[in-house]
>>> print(open('protein26.cif').read())   # mmCIF, C-alpha atoms
data_structure
loop_
_atom_site.label_atom_id
_atom_site.label_comp_id
_atom_site.auth_asym_id
_atom_site.auth_seq_id
_atom_site.Cartn_x
_atom_site.Cartn_y
_atom_site.Cartn_z
CA MET A 1 -145.22 -74.43 -64.63
CA ARG A 2 -145.21 -78.23 -64.95
CA LYS A 3 -148.72 -78.08 -66.46
CA LYS A 4 -147.55 -75.60 -69.11
CA LYS A 5 -144.54 -77.80 -69.91
CA ASN A 6 -146.79 -80.86 -70.30
CA GLU A 7 -149.13 -78.90 -72.57
CA THR A 8 -146.16 -77.82 -74.72
CA ILE A 9 -144.98 -81.43 -75.06
CA GLU A 10 -148.49 -82.67 -75.88
CA LYS A 11 -148.96 -79.93 -78.51
CA PHE A 12 -145.58 -80.84 -80.00
CA ARG A 13 -146.52 -84.54 -80.17
CA ARG A 14 -149.80 -83.74 -81.94
CA GLU A 15 -148.00 -81.45 -84.40
CA GLU A 16 -145.43 -84.16 -85.19
CA GLU A 17 -148.28 -86.43 -86.33
CA GLU A 18 -149.93 -83.64 -88.30
CA PHE A 19 -146.68 -82.58 -90.02
CA ARG A 20 -145.82 -86.18 -90.92
CA GLU A 21 -149.16 -86.49 -92.69
CA ILE A 22 -148.51 -83.24 -94.60
CA ARG A 23 -145.07 -84.50 -95.74
CA ARG A 24 -146.59 -87.83 -96.82
CA LYS A 25 -149.40 -86.10 -98.71
CA TYR A 26 -147.19 -83.73 -100.74
CA ALA A 27 -144.33 -86.18 -101.45
CA ASP A 28 -143.78 -87.20 -105.08
CA TRP A 29 -143.69 -90.94 -104.40
CA SER A 30 -142.88 -91.92 -107.99
CA PHE A 31 -139.76 -89.66 -107.84
CA ILE A 32 -138.79 -91.18 -104.48
CA GLU A 33 -139.16 -94.77 -105.65
CA LYS A 34 -136.88 -94.10 -108.65
CA GLN A 35 -133.95 -92.95 -106.48
CA PRO A 36 -130.90 -95.09 -105.56
CA PRO A 37 -131.36 -97.04 -102.29
CA ARG A 38 -129.61 -94.61 -99.92
CA ILE A 39 -131.39 -91.54 -101.31
CA LYS A 40 -134.74 -93.34 -101.29
CA ALA A 41 -134.25 -94.45 -97.68
CA ALA A 42 -133.17 -90.95 -96.67
CA LEU A 43 -136.23 -89.30 -98.27
CA LYS A 44 -138.54 -91.79 -96.56
CA TYR A 45 -136.77 -91.16 -93.24
CA TYR A 46 -137.24 -87.40 -93.75
CA ILE A 47 -140.96 -87.87 -94.44
CA GLU A 48 -141.35 -89.82 -91.19
CA THR A 49 -139.25 -87.59 -88.94
CA GLY A 50 -138.65 -84.18 -90.56
CA ASP A 51 -135.00 -84.59 -89.51
CA LEU A 52 -132.88 -83.29 -92.38
CA TYR A 53 -129.52 -83.87 -90.67
CA VAL A 54 -129.93 -87.60 -90.09
CA ALA A 55 -131.55 -87.96 -93.52
CA SER A 56 -128.46 -86.37 -95.07
CA ARG A 57 -126.24 -88.91 -93.25
CA ILE A 58 -128.38 -91.80 -94.49
CA ALA A 59 -128.05 -90.44 -98.05
CA GLY A 60 -124.33 -89.76 -97.60
CA VAL A 61 -124.64 -86.11 -98.68
CA SER A 62 -124.47 -82.68 -97.03
CA VAL A 63 -127.54 -81.14 -95.41
CA GLY A 64 -127.67 -78.62 -98.27
CA LYS A 65 -127.70 -81.38 -100.89
CA MET A 66 -130.34 -83.26 -98.91
CA ASN A 67 -132.50 -80.14 -98.88
CA GLU A 68 -132.26 -80.01 -102.69
CA LEU A 69 -133.41 -83.64 -102.86
CA ARG A 70 -136.28 -82.82 -100.48
CA ARG A 71 -137.41 -79.99 -102.76
CA LYS A 72 -137.14 -82.17 -105.88
CA ALA A 73 -139.23 -84.83 -104.12
CA GLY A 74 -141.89 -82.21 -103.37
CA ILE A 75 -141.65 -82.77 -99.62
CA PRO A 76 -142.43 -79.60 -97.67
CA ASN A 77 -140.39 -78.49 -94.68
CA VAL A 78 -143.13 -78.04 -92.09
CA ALA A 79 -141.92 -75.85 -89.22
CA MET B 1 -132.30 -50.12 -85.79
CA SER B 2 -130.86 -53.59 -86.41
CA LEU B 3 -130.89 -56.22 -83.69
CA LYS B 4 -127.33 -57.05 -82.83
CA LEU B 5 -126.61 -60.73 -83.27
CA ALA B 6 -128.11 -63.90 -84.64
CA ILE B 7 -126.62 -67.32 -85.20
CA SER B 8 -127.94 -69.48 -88.00
CA ASP B 9 -128.40 -73.21 -88.18
CA THR B 10 -128.10 -75.01 -91.53
CA CYS B 11 -131.78 -75.86 -91.87
CA PHE B 12 -132.73 -72.19 -91.58
CA ILE B 13 -130.22 -70.71 -93.98
CA ILE B 14 -130.59 -73.26 -96.77
CA ASP B 15 -134.31 -72.49 -96.96
CA TRP B 16 -133.99 -68.75 -96.40
CA ALA B 17 -131.50 -68.44 -99.28
CA TYR B 18 -134.29 -69.35 -101.73
CA TYR B 19 -136.60 -66.57 -100.53
CA ARG B 20 -137.11 -63.67 -102.94
CA ARG B 21 -136.72 -61.11 -100.10
CA ARG B 22 -133.81 -62.87 -98.40
CA SER B 23 -131.96 -59.57 -97.89
CA VAL B 24 -134.38 -58.60 -95.11
CA LEU B 25 -132.44 -60.89 -92.79
CA ILE B 26 -129.45 -58.59 -93.14
CA GLU B 27 -131.64 -55.56 -92.37
CA ILE B 28 -132.98 -57.14 -89.18
CA PHE B 29 -129.64 -58.24 -87.75
CA LYS B 30 -126.35 -56.37 -87.65
CA THR B 31 -124.42 -59.65 -87.89
CA VAL B 32 -125.46 -63.24 -88.52
CA LEU B 33 -122.95 -65.76 -87.20
CA VAL B 34 -122.43 -68.91 -89.27
CA PRO B 35 -120.63 -71.69 -87.37
CA GLU B 36 -118.03 -73.65 -89.35
CA GLN B 37 -120.09 -76.83 -88.86
CA VAL B 38 -123.06 -75.09 -90.48
CA LEU B 39 -121.10 -73.68 -93.41
CA ALA B 40 -119.67 -77.14 -94.13
CA GLU B 41 -123.21 -78.45 -94.73
CA ILE B 42 -124.22 -75.78 -97.26
CA GLU B 43 -123.61 -77.14 -100.73
CA ASP B 44 -126.35 -76.10 -103.14
CA GLU B 45 -125.40 -73.20 -105.39
CA GLU B 46 -128.20 -70.82 -104.41
CA SER B 47 -127.39 -71.05 -100.70
CA ILE B 48 -123.61 -71.15 -100.82
CA SER B 49 -123.34 -68.25 -103.29
CA TRP B 50 -125.64 -66.07 -101.16
CA VAL B 51 -123.93 -66.96 -97.89
CA SER B 52 -120.48 -66.38 -99.42
CA ALA B 53 -121.56 -62.95 -100.68
CA GLN B 54 -122.84 -62.03 -97.20
CA LEU B 55 -119.60 -63.25 -95.61
CA ALA B 56 -117.65 -61.08 -98.07
CA ARG B 57 -119.78 -58.01 -97.22
CA GLY B 58 -119.43 -58.58 -93.49
CA ASN B 59 -123.17 -59.15 -92.98
CA MET B 60 -122.41 -62.71 -91.94
CA LEU B 61 -119.45 -63.87 -89.91
CA LEU B 62 -117.83 -67.29 -89.94
CA PHE B 63 -117.71 -68.44 -86.33
CA THR B 64 -115.38 -71.09 -84.98
CA PRO B 65 -116.79 -72.63 -81.81
CA SER B 66 -114.30 -72.97 -78.97
CA PRO B 67 -113.44 -76.42 -77.55
CA ALA B 68 -115.58 -75.47 -74.52
CA ASP B 69 -118.53 -74.68 -76.82
CA LEU B 70 -118.15 -78.06 -78.51
CA ARG B 71 -118.02 -79.87 -75.15
CA LYS B 72 -121.17 -78.04 -74.03
CA ALA B 73 -122.89 -78.85 -77.32
CA GLU B 74 -122.05 -82.55 -76.92
CA LYS B 75 -123.43 -82.52 -73.35
CA LEU B 76 -126.60 -80.84 -74.60
CA ILE B 77 -127.09 -83.48 -77.33
CA LEU B 78 -126.79 -86.25 -74.73
CA LYS B 79 -129.04 -84.48 -72.25
CA ILE B 80 -131.78 -84.05 -74.86
CA ALA B 81 -131.35 -87.64 -76.04
CA SER B 82 -131.81 -88.86 -72.45
CA LYS B 83 -135.27 -87.29 -72.22
CA PRO B 84 -137.86 -89.32 -74.13
CA PHE B 85 -140.30 -86.40 -74.40
CA LEU B 86 -137.75 -84.32 -76.36
CA LYS B 87 -136.75 -84.61 -80.01
CA ARG B 88 -133.10 -85.20 -80.83
CA VAL B 89 -130.81 -82.38 -81.88
CA ASP B 90 -127.54 -82.79 -83.76
CA LEU B 91 -124.22 -81.02 -83.52
CA PRO B 92 -124.95 -77.97 -85.75
CA GLU B 93 -128.11 -76.95 -83.88
CA ALA B 94 -126.63 -77.84 -80.47
CA ILE B 95 -123.68 -75.54 -81.27
CA CYS B 96 -126.11 -72.76 -82.24
CA LEU B 97 -128.03 -73.15 -78.97
CA VAL B 98 -124.86 -73.09 -76.86
CA ILE B 99 -123.34 -70.10 -78.65
CA GLY B 100 -126.69 -68.31 -78.80
CA GLN B 101 -126.89 -68.63 -75.04
CA ARG B 102 -123.29 -67.55 -74.45
CA LEU B 103 -123.41 -64.52 -76.76
CA ASN B 104 -127.05 -63.61 -76.22
CA ALA B 105 -127.69 -64.12 -79.95
CA ILE B 106 -131.04 -65.09 -81.45
CA VAL B 107 -130.84 -68.66 -82.76
CA LEU B 108 -132.24 -69.04 -86.29
CA THR B 109 -133.38 -72.60 -86.86
CA GLU B 110 -136.27 -74.64 -88.21
CA ASN B 111 -135.24 -77.61 -86.07
CA ARG B 112 -138.21 -78.68 -83.96
CA GLY B 113 -135.97 -80.47 -81.49
CA ALA B 114 -134.15 -77.22 -80.74
CA LEU B 115 -137.42 -75.33 -80.47
CA LEU B 116 -138.92 -77.83 -78.01
CA ALA B 117 -135.73 -77.98 -75.93
CA THR B 118 -135.74 -74.20 -75.36
CA LYS B 119 -139.37 -74.39 -74.24
CA THR B 120 -138.90 -77.26 -71.80
CA LEU B 121 -135.32 -77.34 -70.48
CA ASN B 122 -134.49 -74.92 -67.67
CA ASP B 123 -130.85 -74.75 -68.86
CA LEU B 124 -132.03 -73.19 -72.14
CA LYS B 125 -134.89 -71.03 -70.92
CA ASN B 126 -133.10 -67.76 -71.78
CA VAL B 127 -132.30 -68.87 -75.36
CA VAL B 128 -134.41 -67.17 -78.02
CA VAL B 129 -135.17 -69.26 -81.11
CA TRP B 130 -136.68 -67.80 -84.26
CA ARG B 131 -137.94 -69.71 -87.26
CA ALA B 132 -138.56 -68.05 -90.62
CA LEU B 133 -142.08 -67.36 -89.31
CA GLU B 134 -140.72 -65.14 -86.52
CA VAL B 135 -138.16 -63.48 -88.82
CA LEU B 136 -140.89 -62.55 -91.31
CA THR B 137 -143.15 -61.33 -88.49
CA GLU B 138 -140.32 -59.10 -87.26
CA ALA B 139 -139.62 -57.82 -90.79
CA ILE B 140 -143.26 -56.85 -91.31
CA THR B 141 -143.85 -55.28 -87.89
CA ARG B 142 -140.65 -53.23 -88.25
CA LYS B 143 -141.80 -52.19 -91.73
CA ILE B 144 -138.75 -53.65 -93.43
CA ILE B 145 -141.33 -55.43 -95.57
CA ARG B 146 -144.12 -52.94 -96.28
CA VAL B 147 -147.73 -54.07 -96.11
CA ARG B 148 -151.04 -52.20 -96.33
CA SER B 149 -153.65 -54.86 -95.71
CA ARG B 150 -154.30 -58.32 -94.28
CA GLU B 151 -154.01 -59.67 -97.83
CA ASP B 152 -150.53 -58.17 -98.13
CA VAL B 153 -149.50 -59.81 -94.85
CA GLU B 154 -150.84 -63.18 -95.95
CA ARG B 155 -149.07 -62.78 -99.30
CA VAL B 156 -145.68 -62.26 -97.60
CA PHE B 157 -145.93 -65.56 -95.75
CA LYS B 158 -147.31 -67.34 -98.82
CA GLU B 159 -144.40 -66.09 -100.96
CA TYR B 160 -141.97 -67.60 -98.48
CA GLU B 161 -143.82 -70.92 -98.53
CA ASP B 162 -143.83 -70.96 -102.34
CA ASP B 163 -140.17 -69.99 -102.75
CA THR B 164 -138.79 -72.45 -100.22
CA LYS B 165 -141.29 -75.36 -100.32
CA HIS B 166 -141.91 -74.69 -96.65
CA ILE B 167 -145.25 -74.93 -94.87
CA PHE B 168 -145.86 -72.91 -91.73
CA PRO B 169 -147.99 -74.64 -89.09
CA ARG B 170 -151.47 -73.18 -89.69
CA SER B 171 -152.14 -72.26 -86.04
CA ASP B 172 -148.74 -70.52 -85.70
CA LEU B 173 -149.27 -68.72 -89.01
CA LYS B 174 -152.72 -67.48 -87.97
CA HIS B 175 -151.27 -66.23 -84.68
CA ALA B 176 -148.40 -64.45 -86.51
CA ILE B 177 -150.77 -62.78 -89.00
CA ASN B 178 -153.08 -61.58 -86.22
CA ARG B 179 -150.11 -60.27 -84.25
CA VAL B 180 -148.85 -58.26 -87.23
CA ILE B 181 -152.31 -56.86 -87.98
CA LYS B 182 -152.79 -55.81 -84.36
CA CYS B 183 -149.32 -54.30 -84.14
CA LEU B 184 -149.63 -52.31 -87.38
CA LYS B 185 -153.33 -51.49 -86.77
CA LEU B 186 -154.33 -52.69 -90.25
#
>>> encode(input="protein26.cif", output="structure tokens")
Amino acid sequence: MRKKKNETIEKFRREEEEFREIRRKYADWSFIEKQPPRIKAALKYYIETGDLYVASRIAGVSVGKMNELRRKAGIPNVA
Amino acid sequence: MSLKLAISDTCFIIDWAYYRRRSVLIEIFKTVLVPEQVLAEIEDEESISWVSAQLARGNMLLFTPSPADLRKAEKLILKIASKPFLKRVDLPEAICLVIGQRLNAIVLTENRGALLATKTLNDLKNVVVWRALEVLTEAITRKIIRVRSREDVERVFKEYEDDTKHIFPRSDLKHAINRVIKCLKL
């Protein structure tokens, strides 16, 4: 049981790295760099973590609005 | 036959609303609960207009968590935050997990923190979490989305990725495609 749990956590950790690389690769960095500071910081936070909720709070917008910004910035939701 | 209940997190519904076959969700579940805290985060026109239409038709139901639900959700957030091997969850997904457990509803979320918590915390072991990947798998195996070949199956998942700017983890996608093909004997 414990072994299975450890394997799940290890798989999750590896996937986090892999998904971060995918977000970085697809992101439209020139779009991101042109955004106002809070939006730019939020998009970069999203690329690093995949956490849309906290990103939306950094940007000062709703989660729905943040998702629109994610799409415009070409960042995939990997899940 | 429709499954009875699901409860949707924001991150699931705001992607799903952009999918060309989004109505299949309503065919899979009799009712999809939308907590107030989730509805408050939906702002883009595509998502809010679709969700509002489903609320009007009774396919979705606005759900107000009780004070006890909110207290449990707060405890869950802190519990997950206290475990370094877990990934944080926030109030909307914590509410979905708590209510999903209480009402035996399938939790619809793309939140990886919620997914990992249900796989590793004993308190949440009976909570069922579906991502879009599992919803699409269910829709195909129940023939709500009709397919005739492996290419058709692959196309269904690809359409979702294209419409929503979503990427399914390749190993999970391969597993889902093989499961569908085996189940439908394609």
>>> resolve_selection(input="protein26.cif", expression="the PyMOL selection byres ((chain B and resi 132) around 8)", output="PyMOL selection string")
chain B and resi 12+16+108-110+130-131+133-136
>>> closest_residue(input="protein26.cif", among="A:Ile22, A:Ile58, A:Val78, A:Ile39", to="chain B", atoms="all atoms listed in the file")
A:Val78
>>> resolve_selection(input="protein26.cif", expression="the PyMOL selection byres ((chain B and resi 169-182) around 7)", output="ChimeraX atom specification")
/A:78-79 /B:137,141,150,153-154,167-168,183-186
>>> closest_residue(input="protein26.cif", among="A:Ile32, A:Tyr26, A:Leu52, A:Thr8", to="Lys65 of chain A", atoms="all atoms listed in the file")
A:Leu52
>>> resolve_selection(input="protein26.cif", expression="the PyMOL selection byres ((chain A) within 7 of (chain B))", output="ChimeraX atom specification")
/A:5,9,62-65,71,76-79
>>> atom_distance(input="protein26.cif", atom1="atom CA of Val129 of chain B", atom2="atom CA of Arg148 of chain B")
27.8 Å
>>> residues_around(input="protein26.cif", residues="Cys96 of chain B", least_positions_apart="2", cutoff="10 Å", atoms="only C-alpha atoms", output="ChimeraX atom specification")
/B:6-10,33-35,37-38,65,69,73,91-94,98-102,105-109,114,129
>>> closest_residue(input="protein26.cif", among="A:Glu10, A:Gly60, A:Lys3, A:Leu43", to="Ala27 of chain A", atoms="only C-alpha atoms")
A:Leu43
>>> atom_distance(input="protein26.cif", atom1="atom CA of Thr118 of chain B", atom2="atom CA of Leu55 of chain B")
28.1 Å
>>> atom_distance(input="protein26.cif", atom1="atom CA of Tyr45 of chain A", atom2="atom CA of Trp29 of chain A")
13.1 Å
>>> residues_around(input="protein26.cif", residues="Glu17 of chain A", least_positions_apart="4", cutoff="12 Å", atoms="all atoms listed in the file", output="list of chain:residue names")
A:Glu10, A:Lys11, A:Phe12, A:Arg13, A:Glu21, A:Ile22, A:Arg23, A:Arg24, A:Ile47, A:Glu48, A:Thr49, A:Gly50, A:Val78
>>> residues_around(input="protein26.cif", residues="Lys40 of chain A", least_positions_apart="2", cutoff="12 Å", atoms="all atoms listed in the file", output="number ranges by chain")
A: 27-38, 42-47, 55-56, 58-60, 66, 69-70, 73
>>> build_atoms(input="protein26.cif", residues="segment 19-48 of chain A", atoms="N, CA and C atoms", output="PDB file, in the frame of the given file")
ATOM      1  N   PHE A  19    -147.704 -82.977 -89.033  1.00  0.00           N
ATOM      2  CA  PHE A  19    -146.680 -82.580 -90.020  1.00  0.00           C
ATOM      3  C   PHE A  19    -146.229 -83.779 -90.843  1.00  0.00           C
ATOM      4  N   ARG A  20    -146.188 -84.954 -90.196  1.00  0.00           N
ATOM      5  CA  ARG A  20    -145.820 -86.180 -90.920  1.00  0.00           C
ATOM      6  C   ARG A  20    -146.832 -86.452 -92.035  1.00  0.00           C
ATOM      7  N   GLU A  21    -148.099 -86.280 -91.697  1.00  0.00           N
ATOM      8  CA  GLU A  21    -149.160 -86.490 -92.690  1.00  0.00           C
ATOM      9  C   GLU A  21    -149.025 -85.504 -93.851  1.00  0.00           C
ATOM     10  N   ILE A  22    -148.679 -84.258 -93.545  1.00  0.00           N
ATOM     11  CA  ILE A  22    -148.510 -83.240 -94.600  1.00  0.00           C
ATOM     12  C   ILE A  22    -147.346 -83.647 -95.514  1.00  0.00           C
ATOM     13  N   ARG A  23    -146.232 -84.091 -94.922  1.00  0.00           N
ATOM     14  CA  ARG A  23    -145.070 -84.500 -95.740  1.00  0.00           C
ATOM     15  C   ARG A  23    -145.444 -85.693 -96.632  1.00  0.00           C
ATOM     16  N   ARG A  24    -146.175 -86.648 -96.042  1.00  0.00           N
ATOM     17  CA  ARG A  24    -146.590 -87.830 -96.820  1.00  0.00           C
ATOM     18  C   ARG A  24    -147.479 -87.416 -97.990  1.00  0.00           C
ATOM     19  N   LYS A  25    -148.403 -86.506 -97.715  1.00  0.00           N
ATOM     20  CA  LYS A  25    -149.400 -86.100 -98.710  1.00  0.00           C
ATOM     21  C   LYS A  25    -148.756 -85.401 -99.914  1.00  0.00           C
ATOM     22  N   TYR A  26    -147.780 -84.529 -99.648  1.00  0.00           N
ATOM     23  CA  TYR A  26    -147.190 -83.730-100.740  1.00  0.00           C
ATOM     24  C   TYR A  26    -146.044 -84.450-101.458  1.00  0.00           C
ATOM     25  N   ALA A  27    -145.504 -85.509-100.865  1.00  0.00           N
ATOM     26  CA  ALA A  27    -144.330 -86.180-101.450  1.00  0.00           C
ATOM     27  C   ALA A  27    -144.640 -86.745-102.837  1.00  0.00           C
ATOM     28  N   ASP A  28    -143.668 -86.603-103.739  1.00  0.00           N
ATOM     29  CA  ASP A  28    -143.780 -87.200-105.080  1.00  0.00           C
ATOM     30  C   ASP A  28    -143.234 -88.621-104.966  1.00  0.00           C
ATOM     31  N   TRP A  29    -144.125 -89.568-104.697  1.00  0.00           N
ATOM     32  CA  TRP A  29    -143.690 -90.940-104.400  1.00  0.00           C
ATOM     33  C   TRP A  29    -143.062 -91.626-105.605  1.00  0.00           C
ATOM     34  N   SER A  30    -143.488 -91.263-106.822  1.00  0.00           N
ATOM     35  CA  SER A  30    -142.880 -91.920-107.990  1.00  0.00           C
ATOM     36  C   SER A  30    -141.425 -91.451-108.136  1.00  0.00           C
ATOM     37  N   PHE A  31    -141.152 -90.156-107.827  1.00  0.00           N
ATOM     38  CA  PHE A  31    -139.760 -89.660-107.840  1.00  0.00           C
ATOM     39  C   PHE A  31    -138.943 -90.403-106.785  1.00  0.00           C
ATOM     40  N   ILE A  32    -139.510 -90.537-105.597  1.00  0.00           N
ATOM     41  CA  ILE A  32    -138.790 -91.180-104.480  1.00  0.00           C
ATOM     42  C   ILE A  32    -138.443 -92.632-104.821  1.00  0.00           C
ATOM     43  N   GLU A  33    -139.385 -93.343-105.367  1.00  0.00           N
ATOM     44  CA  GLU A  33    -139.160 -94.770-105.650  1.00  0.00           C
ATOM     45  C   GLU A  33    -138.109 -94.999-106.736  1.00  0.00           C
ATOM     46  N   LYS A  34    -137.883 -93.958-107.572  1.00  0.00           N
ATOM     47  CA  LYS A  34    -136.880 -94.100-108.650  1.00  0.00           C
ATOM     48  C   LYS A  34    -135.448 -93.820-108.177  1.00  0.00           C
ATOM     49  N   GLN A  35    -135.282 -93.349-106.948  1.00  0.00           N
ATOM     50  CA  GLN A  35    -133.950 -92.950-106.480  1.00  0.00           C
ATOM     51  C   GLN A  35    -133.104 -94.172-106.075  1.00  0.00           C
ATOM     52  N   PRO A  36    -131.778 -94.001-106.062  1.00  0.00           N
ATOM     53  CA  PRO A  36    -130.900 -95.090-105.560  1.00  0.00           C
ATOM     54  C   PRO A  36    -131.244 -95.399-104.097  1.00  0.00           C
ATOM     55  N   PRO A  37    -130.904 -96.598-103.617  1.00  0.00           N
ATOM     56  CA  PRO A  37    -131.360 -97.040-102.290  1.00  0.00           C
ATOM     57  C   PRO A  37    -131.115 -96.055-101.140  1.00  0.00           C
ATOM     58  N   ARG A  38    -129.899 -95.495-101.077  1.00  0.00           N
ATOM     59  CA  ARG A  38    -129.610 -94.610 -99.920  1.00  0.00           C
ATOM     60  C   ARG A  38    -130.443 -93.337 -99.964  1.00  0.00           C
ATOM     61  N   ILE A  39    -130.609 -92.775-101.173  1.00  0.00           N
ATOM     62  CA  ILE A  39    -131.390 -91.540-101.310  1.00  0.00           C
ATOM     63  C   ILE A  39    -132.868 -91.834-100.999  1.00  0.00           C
ATOM     64  N   LYS A  40    -133.341 -92.951-101.522  1.00  0.00           N
ATOM     65  CA  LYS A  40    -134.740 -93.340-101.290  1.00  0.00           C
ATOM     66  C   LYS A  40    -134.998 -93.520 -99.791  1.00  0.00           C
ATOM     67  N   ALA A  41    -134.094 -94.223 -99.127  1.00  0.00           N
ATOM     68  CA  ALA A  41    -134.250 -94.450 -97.680  1.00  0.00           C
ATOM     69  C   ALA A  41    -134.209 -93.126 -96.919  1.00  0.00           C
ATOM     70  N   ALA A  42    -133.322 -92.239 -97.357  1.00  0.00           N
ATOM     71  CA  ALA A  42    -133.170 -90.950 -96.670  1.00  0.00           C
ATOM     72  C   ALA A  42    -134.436 -90.099 -96.829  1.00  0.00           C
ATOM     73  N   LEU A  43    -135.003 -90.084 -98.032  1.00  0.00           N
ATOM     74  CA  LEU A  43    -136.230 -89.300 -98.270  1.00  0.00           C
ATOM     75  C   LEU A  43    -137.388 -89.861 -97.443  1.00  0.00           C
ATOM     76  N   LYS A  44    -137.472 -91.172 -97.364  1.00  0.00           N
ATOM     77  CA  LYS A  44    -138.540 -91.790 -96.560  1.00  0.00           C
ATOM     78  C   LYS A  44    -138.331 -91.478 -95.066  1.00  0.00           C
ATOM     79  N   TYR A  45    -137.071 -91.505 -94.640  1.00  0.00           N
ATOM     80  CA  TYR A  45    -136.770 -91.160 -93.240  1.00  0.00           C
ATOM     81  C   TYR A  45    -137.185 -89.709 -92.970  1.00  0.00           C
ATOM     82  N   TYR A  46    -136.876 -88.823 -93.927  1.00  0.00           N
ATOM     83  CA  TYR A  46    -137.240 -87.400 -93.750  1.00  0.00           C
ATOM     84  C   TYR A  46    -138.756 -87.242 -93.640  1.00  0.00           C
ATOM     85  N   ILE A  47    -139.486 -87.958 -94.485  1.00  0.00           N
ATOM     86  CA  ILE A  47    -140.960 -87.870 -94.440  1.00  0.00           C
ATOM     87  C   ILE A  47    -141.466 -88.284 -93.049  1.00  0.00           C
ATOM     88  N   GLU A  48    -140.886 -89.322 -92.500  1.00  0.00           N
ATOM     89  CA  GLU A  48    -141.350 -89.820 -91.190  1.00  0.00           C
ATOM     90  C   GLU A  48    -140.955 -88.919 -90.033  1.00  0.00           C
TER      91      GLU A  48
END
